[in-house]
>>> print(open('run-v7.txt').read())   # compact mmCIF, C-alpha atoms and all ligand atoms
# COMPACT_ATOMS: atom_id res chain seq x y z
CA MET A 1061 -92.48 131.26 253.78
CA LYS A 1062 -90.15 131.91 250.90
CA PHE A 1063 -86.60 131.93 249.59
CA LYS A 1064 -84.34 134.68 250.77
CA LYS A 1065 -84.11 137.33 248.11
CA LYS A 1066 -80.39 137.85 248.39
CA ARG A 1067 -79.44 138.55 244.83
CA GLN A 1068 -75.76 139.16 245.57
CA ALA A 1069 -75.57 135.91 247.53
CA ALA A 1070 -77.42 134.09 244.79
CA GLN A 1071 -74.54 135.15 242.57
CA LYS A 1072 -74.95 134.97 238.82
CA ALA A 1073 -78.21 133.47 237.70
CA HIS A 1074 -77.82 130.96 234.93
CA PRO A 1075 -78.83 132.50 231.60
CA GLN A 1076 -81.35 129.75 230.94
CA GLN A 1077 -82.99 130.10 234.31
CA ASP A 1078 -86.78 130.23 234.29
CA GLN A 1079 -87.74 133.80 235.14
CA SER A 1080 -90.50 132.65 237.47
CA LEU A 1081 -88.03 131.05 239.86
CA THR A 1082 -86.68 133.01 242.77
CA LEU A 1083 -83.55 131.07 243.55
CA ALA A 1084 -80.41 130.35 241.62
CA TRP A 1085 -76.96 129.34 242.72
CA PHE A 1086 -74.67 128.93 239.79
CA PRO A 1087 -71.36 130.58 240.62
CA GLY A 1088 -68.58 130.91 238.06
CA HIS A 1089 -66.75 127.77 239.07
CA MET A 1090 -69.86 125.66 238.35
CA ALA A 1091 -70.28 127.06 234.84
CA ARG A 1092 -66.60 126.29 234.20
CA ALA A 1093 -66.94 122.85 235.81
CA GLN A 1094 -69.86 121.99 233.56
CA ARG A 1095 -67.83 122.87 230.44
CA GLU A 1096 -64.89 120.84 231.74
CA ILE A 1097 -67.11 117.81 232.37
CA VAL A 1098 -68.24 117.89 228.74
CA GLU A 1099 -64.61 118.26 227.61
CA ALA A 1100 -63.55 115.28 229.79
CA LEU A 1101 -66.19 113.00 228.22
CA LYS A 1102 -63.75 111.73 225.59
CA LYS A 1103 -61.28 110.69 228.30
CA VAL A 1104 -63.74 108.63 230.37
CA HIS A 1105 -65.54 105.34 229.79
CA VAL A 1106 -68.29 105.56 232.38
CA ILE A 1107 -70.11 108.21 234.38
CA VAL A 1108 -71.32 107.63 237.91
CA GLU A 1109 -73.92 110.18 238.87
CA LEU A 1110 -74.35 110.62 242.61
CA ARG A 1111 -77.72 111.62 243.96
CA ASP A 1112 -78.76 112.02 247.56
CA ALA A 1113 -80.94 109.05 248.53
CA ARG A 1114 -83.12 111.41 250.60
CA LEU A 1115 -84.04 113.25 247.39
CA PRO A 1116 -83.67 110.88 244.42
CA LEU A 1117 -85.33 113.03 241.75
CA THR A 1118 -84.74 116.58 242.89
CA SER A 1119 -81.04 115.98 243.58
CA GLN A 1120 -80.34 115.50 239.88
CA ASN A 1121 -79.21 118.11 237.39
CA PRO A 1122 -81.26 117.54 234.21
CA GLN A 1123 -79.12 119.91 232.17
CA LEU A 1124 -75.89 118.16 233.14
CA ILE A 1125 -77.40 114.73 232.48
CA GLU A 1126 -78.47 115.88 229.04
CA SER A 1127 -74.93 117.01 228.22
CA ILE A 1128 -73.41 113.65 229.25
CA SER A 1129 -76.18 111.44 227.88
CA LYS A 1130 -73.98 109.80 225.21
CA LYS A 1131 -71.83 108.03 227.81
CA LYS A 1132 -72.65 104.94 229.87
CA HIS A 1133 -74.19 106.19 233.03
CA LEU A 1134 -74.91 104.65 236.42
CA ILE A 1135 -77.00 106.44 239.04
CA VAL A 1136 -75.96 105.99 242.66
CA LEU A 1137 -78.37 106.89 245.46
CA ASN A 1138 -75.72 107.83 247.97
CA LYS A 1139 -76.12 108.30 251.73
CA SER A 1140 -78.73 105.52 251.65
CA ASN A 1141 -78.05 104.97 255.36
CA LEU A 1142 -80.10 108.15 255.90
CA ILE A 1143 -83.35 106.68 254.55
CA ALA A 1144 -85.46 103.70 255.63
CA PRO A 1145 -85.12 100.38 253.72
CA GLU A 1146 -88.80 100.43 252.70
CA GLU A 1147 -88.38 103.97 251.31
CA LEU A 1148 -85.36 102.79 249.32
CA GLU A 1149 -87.41 99.85 247.99
CA GLN A 1150 -90.07 102.23 246.69
CA TRP A 1151 -87.43 104.13 244.78
CA PHE A 1152 -85.86 100.95 243.39
CA SER A 1153 -89.21 99.84 241.96
CA TYR A 1154 -89.73 103.31 240.51
CA PHE A 1155 -86.37 103.28 238.71
CA LYS A 1156 -86.82 99.66 237.61
CA LYS A 1157 -90.17 100.53 236.10
CA HIS A 1158 -88.48 103.30 234.13
CA ASN A 1159 -85.58 101.00 233.09
CA ILE A 1160 -83.01 103.17 234.83
CA GLU A 1161 -79.91 101.52 236.34
CA VAL A 1162 -79.57 102.51 239.98
CA ILE A 1163 -77.65 101.26 242.99
CA ASP A 1164 -77.54 102.63 246.49
CA LEU A 1165 -74.42 103.25 248.54
CA ASN A 1166 -73.41 104.25 251.99
CA SER A 1167 -69.95 105.59 251.33
CA PHE A 1168 -68.84 104.90 254.88
CA GLN A 1169 -69.38 101.18 254.55
CA ALA A 1170 -66.54 98.93 253.46
CA PRO A 1171 -68.62 96.82 251.01
CA SER A 1172 -69.33 99.94 248.91
CA LEU A 1173 -66.36 99.39 246.60
CA THR A 1174 -67.41 95.80 245.95
CA LYS A 1175 -70.98 96.85 245.31
CA LEU A 1176 -70.00 99.57 242.88
CA LYS A 1177 -67.60 97.26 241.04
CA LYS A 1178 -70.22 94.54 240.81
CA ALA A 1179 -72.70 96.99 239.29
CA LEU A 1180 -70.11 98.15 236.76
CA VAL A 1181 -69.32 94.54 235.78
CA GLU A 1182 -73.02 93.70 235.46
CA LEU A 1183 -73.54 96.68 233.22
CA GLY A 1184 -70.69 95.50 231.02
CA MET A 1185 -68.66 98.52 232.01
CA LEU A 1186 -65.80 97.07 234.04
CA GLY A 1187 -65.31 93.77 232.16
CA ARG A 1188 -63.83 95.56 229.14
CA THR A 1189 -60.63 96.42 230.99
CA SER A 1190 -59.35 92.84 231.13
CA GLU A 1191 -59.29 92.75 227.31
CA SER A 1192 -57.75 96.16 226.76
CA LYS A 1193 -55.42 95.97 229.77
CA ARG A 1194 -56.18 99.61 230.38
CA ALA A 1195 -57.72 101.03 233.53
CA LEU A 1196 -61.41 101.85 233.41
CA LYS A 1197 -61.80 105.61 233.59
CA LEU A 1198 -64.77 106.68 235.57
CA MET A 1199 -66.07 110.21 236.14
CA VAL A 1200 -68.14 111.02 239.24
CA VAL A 1201 -70.64 113.87 238.85
CA GLY A 1202 -73.54 115.24 240.87
CA LEU A 1203 -74.96 118.10 242.85
CA PRO A 1204 -72.77 119.76 245.52
CA ASN A 1205 -72.31 117.79 248.75
CA THR A 1206 -73.76 114.53 247.42
CA GLY A 1207 -70.59 112.75 248.57
CA LYS A 1208 -68.49 112.47 245.38
CA SER A 1209 -65.12 113.18 246.98
CA THR A 1210 -65.92 110.99 250.01
CA LEU A 1211 -66.78 108.06 247.75
CA ILE A 1212 -63.52 108.49 245.84
CA ASN A 1213 -61.48 108.61 249.07
CA HIS A 1214 -63.27 105.51 250.21
CA LEU A 1215 -62.51 103.71 246.96
CA ALA A 1216 -58.87 104.82 247.13
CA GLU A 1217 -58.63 103.95 250.83
CA ARG A 1218 -56.78 107.19 251.42
CA GLN A 1219 -57.40 110.94 251.64
CA ALA A 1220 -56.86 111.53 247.92
CA VAL A 1221 -59.18 114.55 247.58
CA ARG A 1222 -60.72 117.05 250.00
CA ALA A 1223 -64.16 116.10 251.30
CA GLN A 1224 -66.25 117.98 253.84
CA ASP A 1225 -69.84 118.83 254.68
CA ARG A 1226 -69.65 122.04 252.66
CA PRO A 1227 -71.42 122.42 249.28
CA GLY A 1228 -69.06 123.67 246.60
CA LEU A 1229 -65.87 122.43 248.26
CA THR A 1230 -64.38 120.76 245.18
CA GLN A 1231 -63.69 123.42 242.59
CA LYS A 1232 -61.41 121.58 240.16
CA GLN A 1233 -61.36 118.19 238.48
CA GLN A 1234 -58.87 115.72 239.89
CA TRP A 1235 -57.89 112.24 238.71
CA VAL A 1236 -57.39 109.60 241.40
CA ARG A 1237 -55.84 106.24 240.65
CA ILE A 1238 -57.62 103.54 242.64
CA ASN A 1239 -55.70 100.50 241.33
CA ASP A 1240 -54.54 99.00 238.03
CA GLU A 1241 -58.08 98.60 236.77
CA LEU A 1242 -59.74 101.79 237.95
CA GLU A 1243 -59.09 105.54 237.70
CA VAL A 1244 -61.67 108.02 238.92
CA LEU A 1245 -62.18 111.68 238.06
CA ASP A 1246 -63.57 113.83 240.89
CA THR A 1247 -65.56 116.83 239.62
CA PRO A 1248 -67.01 119.91 241.30
CA GLY A 1249 -70.66 119.61 242.33
CA ILE A 1250 -72.97 121.46 239.96
CA MET A 1251 -76.31 122.81 241.16
CA ARG A 1252 -79.25 122.34 238.83
CA PRO A 1253 -79.96 125.63 237.04
CA ASN A 1254 -83.69 125.39 237.77
CA ILE A 1255 -85.29 124.50 241.06
CA PRO A 1256 -88.88 123.52 240.29
CA GLY A 1257 -90.48 125.21 243.32
CA PRO A 1258 -90.04 126.36 246.93
CA GLU A 1259 -90.48 122.87 248.43
CA GLN A 1260 -87.68 121.47 246.30
CA GLY A 1261 -85.56 124.46 247.33
CA TYR A 1262 -86.19 123.73 251.01
CA ALA A 1263 -85.42 120.05 250.46
CA LEU A 1264 -82.14 120.90 248.69
CA HIS A 1265 -81.29 123.10 251.67
CA LEU A 1266 -82.13 120.27 254.08
CA ILE A 1267 -79.74 117.88 252.34
CA HIS A 1268 -77.17 120.72 252.40
CA ALA A 1269 -76.68 120.92 248.64
CA LEU A 1270 -77.18 124.69 248.61
CA LYS A 1271 -75.06 127.45 250.00
CA GLU A 1272 -76.40 128.09 253.50
CA GLU A 1273 -77.59 131.68 253.23
CA LEU A 1274 -79.71 131.22 250.09
CA VAL A 1275 -82.76 129.71 251.73
CA ASP A 1276 -84.84 131.05 254.59
CA GLU A 1277 -84.05 128.62 257.40
CA GLU A 1278 -87.37 129.08 259.21
CA SER A 1279 -89.25 128.15 256.03
CA ALA A 1280 -87.05 125.10 255.46
CA ALA A 1281 -87.54 123.96 259.08
CA HIS A 1282 -91.30 124.54 258.80
CA TYR A 1283 -91.33 122.37 255.67
CA LEU A 1284 -89.37 119.67 257.52
CA VAL A 1285 -91.74 119.68 260.52
CA SER A 1286 -94.76 119.50 258.16
CA LEU A 1287 -93.28 116.43 256.43
CA TYR A 1288 -92.61 114.67 259.73
CA LEU A 1289 -96.10 115.53 260.98
CA LYS A 1290 -97.55 113.81 257.92
CA ARG A 1291 -95.30 110.78 257.80
CA ASN A 1292 -93.51 110.28 261.10
CA PRO A 1293 -94.88 112.40 263.99
CA GLN A 1294 -93.60 109.88 266.57
CA THR A 1295 -90.00 110.84 265.84
CA LEU A 1296 -90.79 114.50 266.51
CA ARG A 1297 -92.53 113.52 269.72
CA GLU A 1298 -89.63 111.40 270.96
CA THR A 1299 -86.81 113.69 269.88
CA TYR A 1300 -88.29 116.87 271.32
CA GLN A 1301 -90.41 115.39 274.15
CA LEU A 1302 -93.70 116.67 272.77
CA SER A 1303 -97.00 115.82 274.42
CA ASP A 1304 -100.02 114.44 272.51
CA GLU A 1305 -101.63 117.89 272.72
CA GLU A 1306 -98.54 119.56 271.30
CA LEU A 1307 -98.27 117.01 268.52
CA ALA A 1308 -101.80 117.90 267.43
CA LEU A 1309 -100.81 121.54 266.86
CA SER A 1310 -99.80 123.17 263.57
CA ALA A 1311 -96.19 122.92 262.32
CA LEU A 1312 -95.52 126.52 263.36
CA GLU A 1313 -96.99 125.99 266.85
CA ILE A 1314 -94.90 122.84 267.23
CA MET A 1315 -91.78 124.82 266.33
CA GLU A 1316 -92.78 127.35 269.02
CA ALA A 1317 -93.29 124.54 271.55
CA ILE A 1318 -89.84 123.13 270.73
CA ALA A 1319 -88.36 126.64 271.04
CA ARG A 1320 -89.76 126.99 274.57
CA LYS A 1321 -88.56 123.52 275.59
CA GLN A 1322 -85.08 124.24 274.27
CA GLY A 1323 -84.95 127.69 275.85
CA HIS A 1324 -84.76 129.47 272.50
CA LEU A 1325 -86.20 132.69 273.87
CA LYS A 1326 -85.47 136.37 273.38
CA LYS A 1327 -85.05 138.72 276.33
CA GLY A 1328 -88.78 139.47 276.64
CA GLY A 1329 -89.59 135.74 276.60
CA GLU A 1330 -90.64 135.70 272.94
CA VAL A 1331 -89.61 132.56 271.05
CA GLU A 1332 -86.54 132.76 268.83
CA LEU A 1333 -87.56 130.56 265.93
CA ILE A 1334 -84.35 130.96 263.99
CA ARG A 1335 -82.44 129.02 266.66
CA THR A 1336 -85.08 126.29 266.72
CA SER A 1337 -85.01 126.11 262.93
CA ARG A 1338 -81.24 125.67 262.95
CA THR A 1339 -81.52 122.93 265.58
CA LEU A 1340 -84.17 121.09 263.56
CA ILE A 1341 -82.17 121.30 260.34
CA HIS A 1342 -78.96 120.29 262.08
CA ASP A 1343 -80.66 117.32 263.76
CA PHE A 1344 -82.12 116.19 260.44
CA ARG A 1345 -78.77 116.45 258.65
CA GLN A 1346 -77.04 114.52 261.42
CA GLY A 1347 -79.61 111.73 261.12
CA LYS A 1348 -80.91 112.43 264.66
CA LEU A 1349 -84.47 112.43 263.31
CA GLY A 1350 -84.03 108.88 262.07
CA PRO A 1351 -83.84 107.63 258.49
CA PHE A 1352 -86.25 109.71 256.42
CA VAL A 1353 -86.70 110.29 252.69
CA LEU A 1354 -87.77 113.80 251.66
CA GLU A 1355 -89.60 112.78 248.48
CA LEU A 1356 -91.40 109.63 247.42
CA PRO A 1357 -92.24 108.61 243.85
CA ILE A 1358 -95.48 110.32 242.75
CA ASN A 1359 -96.41 107.52 240.35
CA PRO A 1360 -94.51 104.57 241.79
N1 LIG B 1401 -74.43 109.81 256.00
C1 LIG B 1401 -73.62 109.83 254.94
N2 LIG B 1401 -72.87 110.92 254.71
C2 LIG B 1401 -72.06 110.91 253.63
C3 LIG B 1401 -71.99 109.81 252.75
N3 LIG B 1401 -71.12 110.13 251.75
C4 LIG B 1401 -70.66 111.36 252.02
N4 LIG B 1401 -71.22 111.86 253.15
C5 LIG B 1401 -70.98 113.18 253.77
O1 LIG B 1401 -71.39 114.19 252.85
C6 LIG B 1401 -70.61 115.37 253.02
C7 LIG B 1401 -70.14 115.89 251.68
O2 LIG B 1401 -69.16 115.03 251.16
P1 LIG B 1401 -68.22 115.38 249.93
O3 LIG B 1401 -67.62 114.08 249.52
O4 LIG B 1401 -67.28 116.51 250.22
O5 LIG B 1401 -69.29 115.86 248.85
P2 LIG B 1401 -69.02 116.31 247.33
O6 LIG B 1401 -70.10 115.70 246.50
O7 LIG B 1401 -67.62 116.00 246.92
O8 LIG B 1401 -69.26 117.87 247.46
P3 LIG B 1401 -68.75 119.06 246.45
O9 LIG B 1401 -67.28 118.96 246.34
O10 LIG B 1401 -69.23 120.28 247.13
O11 LIG B 1401 -69.47 118.85 245.17
C8 LIG B 1401 -69.48 115.00 253.99
O12 LIG B 1401 -69.83 115.49 255.27
C9 LIG B 1401 -69.49 113.49 253.97
O13 LIG B 1401 -69.03 112.93 255.19
C10 LIG B 1401 -72.81 108.66 253.01
O14 LIG B 1401 -72.84 107.66 252.30
N5 LIG B 1401 -73.59 108.74 254.13
MG MG B 1402 -66.13 117.21 246.32
>>> encode(input="run-v7.txt", output="structure tokens")
Amino acid sequence: MKFKKKRQAAQKAHPQQDQSLTLAWFPGHMARAQREIVEALKKVHVIVELRDARLPLTSQNPQLIESISKKKHLIVLNKSNLIAPEELEQWFSYFKKHNIEVIDLNSFQAPSLTKLKKALVELGMLGRTSESKRALKLMVVGLPNTGKSTLINHLAERQAVRAQDRPGLTQKQQWVRINDELEVLDTPGIMRPNIPGPEQGYALHLIHALKEELVDEESAAHYLVSLYLKRNPQTLRETYQLSDEELALSALEIMEAIARKQGHLKKGGEVELIRTSRTLIHDFRQGKLGPFVLELPINP
């Protein structure tokens, strides 16, 4: 189980990449986008950093955060509808313990704008505009596909920028005027230059932050099944009609059982695990495997 070694697909490795790591996705537009984010710092008052609520630590970009650390900064755990409330609670206590300001959002829900505004007011970020009579300028940053453009469209209540389930869609900064008190800068998603290990790489693939062909899909699906076996086997049982005996098997054997049930077979009757892997990953991304966080705080 490993990352695909597709150097040409991996594109240019970042110069500061740890040599021991096998995966890097840092195409030219991301390097440019990172420079442009630093340049835009003087034009913005506040930074909203979007993370995927299913992966609150790994879906950050430490290098980017470092370069924007002088500005006021609010972390948003986005897509929080895809994790369970008790999982979200664990993360809130973790961030509280570390004195880090965090809110969660589900960008498809109408109260999101109110919630974001309230957080900005509480942090003393939005209140300043009434004195200066100038719009608050907010920059949204984060890994690819974390939902930056969707959030902005939601705030603007119109299709102001392109948003789609495709990492790396936004390639240029774009200002969007929300109303008299708020202007938002959409920025291209920037992948972290280092991915700590294979499991984090699989998890980033599962949340669809990486370009599809970089990660071995069977390994990512195997990782997903192993996590569900540990923390929520019932969902696997119900979704794929597994028996008690099947549920007691290894992750690989369970994938084979699902393959047979779904008719993912080659001509000779051999299982075709790649199809099963794609089904599992697709079902997870669509939320068909229920709300589920991919990482929990190690020292909550
Ligand atoms: N379930 C769920 N999906 C969301 C949410 N917000 C965004 N999405 C989905 O996430 C996908 C990516 O959205 P984008 O807004 O294009 O992501 P982005 O961060 O702008 O991506 P890049 O431009 O590649 O950096 C889309 O399919 C959105 O519908 C959310 O709160 N919940
Ligand atoms: Mg975008």
>>> residues_near_ligand(input="run-v7.txt", ligand="ligand LIG 1401 (chain B)", cutoff="7 Å", atoms="all atoms listed in the file", output="JSON, numbers by chain")
{"A": [1138, 1139, 1140, 1141, 1142, 1165, 1166, 1167, 1168, 1202, 1203, 1204, 1205, 1206, 1207, 1208, 1209, 1210, 1211, 1222, 1223, 1224, 1225, 1226, 1227, 1228, 1229, 1230, 1231, 1248, 1249, 1250]}
>>> closest_residue(input="run-v7.txt", among="A:Leu1134, A:Val1221, A:Gly1261, A:Ile1212", to="Ile1160 (chain A)", atoms="all atoms listed in the file")
A:Leu1134
>>> residues_near_point(input="run-v7.txt", point="(-86.9, 123.9, 261.6)", cutoff="8 Å", atoms="only C-alpha atoms", output="list in words")
Glu1277, Glu1278, Ser1279, Ala1280, Ala1281, His1282, Tyr1283, Leu1284, Val1285, Met1315, Leu1333, Ile1334, Thr1336, Ser1337, Arg1338, Thr1339, Leu1340 and Ile1341 of chain A
>>> residues_around(input="run-v7.txt", residues="Ala1113 (chain A)", least_positions_apart="6", cutoff="12 Å", atoms="only C-alpha atoms", output="count of residues only")
35
>>> atom_distance(input="run-v7.txt", atom1="CA of Gly1088 (chain A)", atom2="CA of Val1106 (chain A)")
26.0 Å
>>> closest_residue(input="run-v7.txt", among="A:Arg1218, A:His1324, A:Arg1092, A:Lys1232", to="ligand MG 1402 (chain B)", atoms="only C-alpha atoms and all ligand atoms")
A:Lys1232
>>> atom_distance(input="run-v7.txt", atom1="CA of Leu1302 (chain A)", atom2="CA of Tyr1288 (chain A)")
13.2 Å
>>> axis_aligned_box(input="run-v7.txt", around="region 1226-1235 of chain A", padding_each_side="8 Å", output="AutoDock Vina command-line options")
--center_x -64.7 --center_y 118.0 --center_z 245.6 --size_x 29.5 --size_y 27.4 --size_z 30.2
>>> atom_distance(input="run-v7.txt", atom1="CA of Ala1100 (chain A)", atom2="CA of Lys1131 (chain A)")
11.2 Å
>>> closest_residue(input="run-v7.txt", among="A:Gln1322, A:Gln1169, A:Gln1260, A:Gln1234", to="ligand MG 1402 (chain B)", atoms="only C-alpha atoms and all ligand atoms")
A:Gln1234
>>> closest_residue(input="run-v7.txt", among="A:Glu1298, A:Glu1273, A:Glu1259, A:Glu1109", to="Gly1350 (chain A)", atoms="all atoms listed in the file")
A:Glu1298
>>> closest_residue(input="run-v7.txt", among="A:Gly1329, A:Gly1347, A:Pro1253, A:Pro1116", to="Met1090 (chain A)", atoms="only C-alpha atoms")
A:Pro1253
>>> build_atoms(input="run-v7.txt", residues="region 1225-1236 of chain A", atoms="N, CA, C and O atoms", output="PDB file, in the coordinates of the input")
ATOM      1  N   ASP A1225     -68.422 118.488 254.756  1.00  0.00           N
ATOM      2  CA  ASP A1225     -69.840 118.830 254.680  1.00  0.00           C
ATOM      3  C   ASP A1225     -69.984 120.318 254.318  1.00  0.00           C
ATOM      4  O   ASP A1225     -70.411 121.130 255.138  1.00  0.00           O
ATOM      5  N   ARG A1226     -69.589 120.645 253.119  1.00  0.00           N
ATOM      6  CA  ARG A1226     -69.650 122.040 252.660  1.00  0.00           C
ATOM      7  C   ARG A1226     -69.902 122.052 251.162  1.00  0.00           C
ATOM      8  O   ARG A1226     -69.026 121.657 250.372  1.00  0.00           O
ATOM      9  N   PRO A1227     -71.127 122.438 250.719  1.00  0.00           N
ATOM     10  CA  PRO A1227     -71.420 122.420 249.280  1.00  0.00           C
ATOM     11  C   PRO A1227     -70.487 123.346 248.509  1.00  0.00           C
ATOM     12  O   PRO A1227     -70.260 124.483 248.924  1.00  0.00           O
ATOM     13  N   GLY A1228     -69.941 122.840 247.428  1.00  0.00           N
ATOM     14  CA  GLY A1228     -69.060 123.670 246.600  1.00  0.00           C
ATOM     15  C   GLY A1228     -67.600 123.577 247.021  1.00  0.00           C
ATOM     16  O   GLY A1228     -66.790 124.417 246.640  1.00  0.00           O
ATOM     17  N   LEU A1229     -67.256 122.554 247.785  1.00  0.00           N
ATOM     18  CA  LEU A1229     -65.870 122.430 248.260  1.00  0.00           C
ATOM     19  C   LEU A1229     -64.912 122.123 247.103  1.00  0.00           C
ATOM     20  O   LEU A1229     -63.903 122.785 246.923  1.00  0.00           O
ATOM     21  N   THR A1230     -65.244 121.106 246.326  1.00  0.00           N
ATOM     22  CA  THR A1230     -64.380 120.760 245.180  1.00  0.00           C
ATOM     23  C   THR A1230     -64.599 121.775 244.074  1.00  0.00           C
ATOM     24  O   THR A1230     -65.734 121.995 243.647  1.00  0.00           O
ATOM     25  N   GLN A1231     -63.521 122.406 243.635  1.00  0.00           N
ATOM     26  CA  GLN A1231     -63.690 123.420 242.590  1.00  0.00           C
ATOM     27  C   GLN A1231     -62.948 123.054 241.307  1.00  0.00           C
ATOM     28  O   GLN A1231     -63.083 123.733 240.302  1.00  0.00           O
ATOM     29  N   LYS A1232     -62.153 121.978 241.361  1.00  0.00           N
ATOM     30  CA  LYS A1232     -61.410 121.580 240.160  1.00  0.00           C
ATOM     31  C   LYS A1232     -61.488 120.078 239.982  1.00  0.00           C
ATOM     32  O   LYS A1232     -61.541 119.336 240.966  1.00  0.00           O
ATOM     33  N   GLN A1233     -61.410 119.634 238.731  1.00  0.00           N
ATOM     34  CA  GLN A1233     -61.360 118.190 238.480  1.00  0.00           C
ATOM     35  C   GLN A1233     -60.051 117.617 238.998  1.00  0.00           C
ATOM     36  O   GLN A1233     -59.029 118.292 238.984  1.00  0.00           O
ATOM     37  N   GLN A1234     -60.106 116.372 239.442  1.00  0.00           N
ATOM     38  CA  GLN A1234     -58.870 115.720 239.890  1.00  0.00           C
ATOM     39  C   GLN A1234     -58.951 114.214 239.648  1.00  0.00           C
ATOM     40  O   GLN A1234     -59.912 113.563 240.079  1.00  0.00           O
ATOM     41  N   TRP A1235     -57.942 113.675 238.940  1.00  0.00           N
ATOM     42  CA  TRP A1235     -57.890 112.240 238.710  1.00  0.00           C
ATOM     43  C   TRP A1235     -57.323 111.542 239.931  1.00  0.00           C
ATOM     44  O   TRP A1235     -56.350 112.019 240.524  1.00  0.00           O
ATOM     45  N   VAL A1236     -57.909 110.405 240.292  1.00  0.00           N
ATOM     46  CA  VAL A1236     -57.390 109.600 241.400  1.00  0.00           C
ATOM     47  C   VAL A1236     -57.267 108.164 240.920  1.00  0.00           C
ATOM     48  O   VAL A1236     -58.234 107.581 240.405  1.00  0.00           O
TER      49      VAL A1236
END
